[in-house]
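Novice: This is the structure, below, for whatever I ask next.
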Amino acid sequence: MSTPTLEAARSLPADVRIAAVVAGRKRRGRRRWLVTALLAAMIVVVFVASLMVGKSFYGLDEVIRVVLGETVPGASFTVGELRLPRASLAVLAGFAFGIAGVTFQTMLRNPLASPDIIGITSGASAAAVFGIVTLSLSETLVSLMAVAGALLTAVAIYLLSNKGGFAGTRLILIGIGVAAMLDAAVTYILSDAAVWDLQAAMRWLAGSLNGATWSLTLPLALASIVLIPLLLSQGRGLDVMRIGDDAAASLGVRLSATRVTAIVAAVALLAFATAATGPIAFVAFMAGPIAARIVGPGSSLLVPSGLVGALLVLVADLLGQFAFDSRYPVGVVTGVLGAPYLIYLLIRTNRSGGSL
């Protein structure tokens with residue numbers, strides 16, 4: 001049966017058209033909830049697997065006992081102090097990268113407008129490398145420097161792109177230019193770094209979960225508790241903004257308030273995630289488009305994108321640890337996955353336009 005034309009649809013009675021719209025919304029809603037549930041289930045499975053496997057294998061019963069607070073010889077330290085913080089940080093950071101990335105992509109109506117493309121992650125990296133190499137700061141202060149660098153870079157990009165009114169394309173182009181300058185600054189700082197500082201900086205720049213501890217995980221967890229609900233509260237406005245600023249304003253969306261709140265929350269969340277793990281490449285970039293493909297049109301992508309990001313980081317970390325002869329940081333694996341996807345998305349965007 002062929003798809004009815006627009007003219008044929010308009011010729012149908014009003015109650016039939018309304019019923020079709022309602023049925024379509026229910027169908028999209030069911031698909032969104034099903035995809036969300038499947039993603040959450042997959043995250044749980046991979047999370048548990050990451051607690052069980054390693055140089056020493058622990059059964060599910062031992063893992064559950066450790067998580068519940070029991071003392072299990074060997075497993076209490078390996079699972080409770082090494083694997084559990086690492087897996088928890090992977091989920092939190094992946095969710096933060098995913099939801100922050102899709103916030104920018106939705107707001108700017110362009111899948112290329114992720115924070116690691118438009119320079120915000122580069123700001124965190126430049127500040128962290130400066131703190132490690134030039135100032136010889138402690139790990140905690142380096143994390144604070146990364147947060148401050150991301151926030152200041154986002155403010156600078158927004159102000160530079162807001163001359164004569166906000167324009168998404170201008171923000172993307174300015175962000176790419178700022179990212180290039182900051183990456184050059186990082187290269188210059190590293191060129192004069194001592195060997196021990198260079199190693200520390202390169203480990204941070206690679207994006208890694210090695211050395212994950214509860215002290216690194218806690219600040220990101222607290223930031224997520226505050227910032228993720230704030231982002232979700234702007235979900236309706238962001239979804240309506242996909243159809244254009246004029247149309248969104250006519251539907252009652254407060255453009256400036258929605259845009260500023262979303263940017264501040266997304267950048268802060270991204271900054272805390274980057275401070276904890278380093279810039280895990282391409283997660284913020286890939287999560288939104290992948291979620292859009294599996295959820296379908298007409299649904300909010302914030303939560304699905306966060307779940308996709310968490311799953312990407314968990315799976316990439318397991319692959320980096322156990323799939324190769326050598327162990328690789330999670331950022332190396334996501335970089336290998338993300339580079340071909342960037343090329344594919346560039347080709348697809350050039351053919352069909354820039355929206356998710």
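Going through the structure tokens in order, the chains are called A, B, and so on, while each chain numbers its residues from 1 and the ligands are numbered from 1 in the order shown.
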Show which residues sit within 8 Å of Gly131 in chain A, as a short mmCIF file (atom, residue, chain, number, x, y, z; two decimals) with N, CA and C atoms, in the first residue's frame. Count only C-alpha atoms, and ignore same-chain residues fewer than 3 positions away.
Specialist:
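Done, and the output landed in selection27.cif:
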data_model
loop_
_atom_site.label_atom_id
_atom_site.label_comp_id
_atom_site.auth_asym_id
_atom_site.auth_seq_id
_atom_site.Cartn_x
_atom_site.Cartn_y
_atom_site.Cartn_z
N ALA A 127 43.58 23.92 29.80
CA ALA A 127 43.73 24.33 31.19
C ALA A 127 44.39 23.23 32.03
N ALA A 128 43.98 21.97 31.80
CA ALA A 128 44.55 20.87 32.57
C ALA A 128 46.03 20.67 32.25
N THR A 134 53.00 23.35 33.56
CA THR A 134 53.56 24.65 33.94
C THR A 134 53.46 24.91 35.43
N LEU A 135 52.32 24.57 36.03
CA LEU A 135 52.10 24.90 37.44
C LEU A 135 52.36 23.73 38.38
N SER A 136 52.50 22.52 37.84
CA SER A 136 52.76 21.32 38.65
C SER A 136 51.72 21.16 39.76
N LEU A 137 50.46 21.26 39.39
CA LEU A 137 49.38 21.20 40.37
C LEU A 137 49.04 19.76 40.72
N LEU A 141 43.54 19.96 41.93
CA LEU A 141 43.60 21.29 41.34
C LEU A 141 43.58 21.24 39.81
N VAL A 142 44.16 20.21 39.25
CA VAL A 142 44.09 20.04 37.80
C VAL A 142 42.64 19.86 37.36
N MET A 145 41.03 23.17 37.42
CA MET A 145 41.49 23.94 36.26
C MET A 145 40.73 23.52 35.00
#
Novice: Write down as a ChimeraX atom specification the residues belonging to range 174-290 of chain A that are assigned helix (DSSP H, G or I) by DSSP computed on the backbone.
Specialist: /A:174-191,195-206,214-233,235-243,245-250,255-277,283-290
Novice: Which polymer residues have any atom within 10 Å of an atom of Arg65 in chain A, counting only C-alpha atoms, with same-chain residues fewer than 5 positions away left out, as a list of chain:residue names?
Specialist: A:Leu60, A:Glu70, A:Thr71, A:Val72, A:Ala75, A:Ser76
Novice: Please, could you write that set of residues out with C-alpha atoms as a PDB file, in the first residue's frame?
Specialist:
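Written out: selection-v4.pdb:
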ATOM      1  CA  LEU A  60      27.986 -12.918  40.256  1.00  0.00           C
ATOM      2  CA  GLU A  70      29.950  -7.788  52.756  1.00  0.00           C
ATOM      3  CA  THR A  71      33.622  -8.636  53.130  1.00  0.00           C
ATOM      4  CA  VAL A  72      34.714 -11.178  50.530  1.00  0.00           C
ATOM      5  CA  ALA A  75      36.939  -9.538  45.871  1.00  0.00           C
ATOM      6  CA  SER A  76      36.333  -6.765  48.405  1.00  0.00           C
TER       7      SER A  76
END
Novice: Please identify all polymer residues within 7 Å of Gly306 in chain A, counting only C-alpha atoms, omitting same-chain residues fewer than 3 positions from it, and present them as a list in words.
Specialist: Gly94, Phe95, Ala96, Gly98, Ile99, Leu302, Val303, Gly309 and Ala310 of chain A
Novice: Could you write out that same residue set with N, CA and C atoms as a CSV table (one decimal), in the first residue's frame?
Specialist:
chain,number,residue,atom,x,y,z
A,94,GLY,N,30.1,8.8,30.8
A,94,GLY,CA,29.4,8.5,29.5
A,94,GLY,C,28.1,9.2,29.4
A,95,PHE,N,27.3,9.1,30.4
A,95,PHE,CA,26.0,9.8,30.4
A,95,PHE,C,26.1,11.3,30.3
A,96,ALA,N,27.1,11.8,31.0
A,96,ALA,CA,27.3,13.3,31.0
A,96,ALA,C,27.7,13.7,29.6
A,98,GLY,N,27.2,12.2,26.8
A,98,GLY,CA,26.1,12.0,25.8
A,98,GLY,C,25.0,13.0,25.9
A,99,ILE,N,24.6,13.3,27.1
A,99,ILE,CA,23.5,14.3,27.3
A,99,ILE,C,23.9,15.7,27.0
A,302,LEU,N,17.4,13.4,25.0
A,302,LEU,CA,18.3,13.7,26.1
A,302,LEU,C,18.6,12.4,26.9
A,303,VAL,N,17.6,11.7,27.4
A,303,VAL,CA,17.9,10.5,28.2
A,303,VAL,C,18.5,9.4,27.3
A,309,GLY,N,25.7,7.2,25.5
A,309,GLY,CA,27.1,7.6,25.9
A,309,GLY,C,27.6,6.7,27.0
A,310,ALA,N,26.8,6.4,28.0
A,310,ALA,CA,27.2,5.5,29.1
A,310,ALA,C,27.6,4.1,28.6
Novice: Given only C-alpha atoms as the basis, pick out the residue of A:Leu230, A:Ala275, A:Met241, A:Leu216 nearest to Gly168 in chain A.
Specialist: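 Of the candidates, the smallest distance to Gly168 in chain A is held by A:Met241.
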Novice: Would you kindly return, as a CSV table (one decimal) with N, CA and C atoms, in the first residue's frame, each protein, DNA or RNA residue with an atom no farther than 8 Å from any atom of Val315 in chain A, considering only C-alpha atoms and excluding same-chain residues fewer than 4 positions away?
Specialist:
chain,number,residue,atom,x,y,z
A,46,VAL,N,26.5,-4.9,31.0
A,46,VAL,CA,27.9,-4.6,30.8
A,46,VAL,C,28.5,-4.1,32.1
A,311,LEU,N,26.8,3.6,27.7
A,311,LEU,CA,27.1,2.3,27.1
A,311,LEU,C,28.3,2.3,26.2
A,319,LEU,N,36.7,-3.2,26.0
A,319,LEU,CA,37.5,-3.5,24.8
A,319,LEU,C,39.0,-3.1,25.0
Novice: Enumerate, in order of chain and increasing residue number, the residues of range 207-313 of chain A with an atom no farther than 10 Å from range 320-343 of chain A, each with its shortest atom pair and distance in Å to one decimal, counting only C-alpha atoms, as a tab-separated table.
Specialist:
residue	atom	partner	partner_atom	distance
A:Gly207	CA	A:Gly331	CA	4.5
A:Ser208	CA	A:Pro329	CA	4.9
A:Leu209	CA	A:Val330	CA	6.9
A:Asn210	CA	A:Pro329	CA	7.4
A:Thr277	CA	A:Gly331	CA	9.2
A:Gly278	CA	A:Gly331	CA	8.4
A:Pro279	CA	A:Gly331	CA	7.2
A:Ile280	CA	A:Gly331	CA	4.4
A:Ala281	CA	A:Gly335	CA	5.2
A:Phe282	CA	A:Gly338	CA	5.3
A:Val283	CA	A:Thr334	CA	6.9
A:Phe285	CA	A:Gly338	CA	8.0
A:Met286	CA	A:Gly338	CA	6.8
A:Pro289	CA	A:Tyr341	CA	9.9
A:Leu312	CA	A:Thr334	CA	7.7
A:Val313	CA	A:Val330	CA	7.0
Novice: Please, what distance in Å, to one decimal, runs between CA of Leu144 in chain A and CA of Leu190 in chain A?
Specialist: 19.8 Å
Novice: List the spatial neighbours of Leu227 in chain A as a list in words - criterion: any atom at most 12 Å away, only C-alpha atoms, same-chain residues fewer than 4 positions off excluded.
Specialist: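 Near neighbours after the sequence-gap exclusion: Phe95, Ala96, Ile99, Ala100, Pro219, Leu220, Ala221, Leu222, Ala223, Leu231, Leu232, Ser233, Gln234, Thr261, Ala262, Ile263, Val264, Ala265, Ala266, Val267, Ala268, Leu269, Leu270, Ala271, Phe272 and Ala273 of chain A.
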Novice: Skip range 155-160 of chain A itself and residues of its chain fewer than 6 positions away, then list as number ranges by chain all residues within 7 Å of it, counting only C-alpha atoms.
Specialist: A: 171, 174-175
Novice: One decimal, in Å: what's the spacing between CA of Val102 in chain A and CA of Ala292 in chain A?
Specialist: 9.6 Å
Novice: Looking at only C-alpha atoms, which of A:Ile347, A:Leu152, A:Ala212, A:Ala126 is the one that sits closest to Glu81 in chain A?
Specialist: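 Answer, going by the shortest atom-to-atom distance: A:Ala212.
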Novice: Out of A:Leu318, A:Lys163, A:Ser122, A:Arg170, which residue has the shortest atom-to-atom distance to Leu151 in chain A when counting only C-alpha atoms?
Specialist: A:Ser122
Novice: What gap, in Å, lies between CA of Glu139 in chain A and CA of Ile117 in chain A?
Specialist: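 Here the two named atoms are 25.6 Å from each other.
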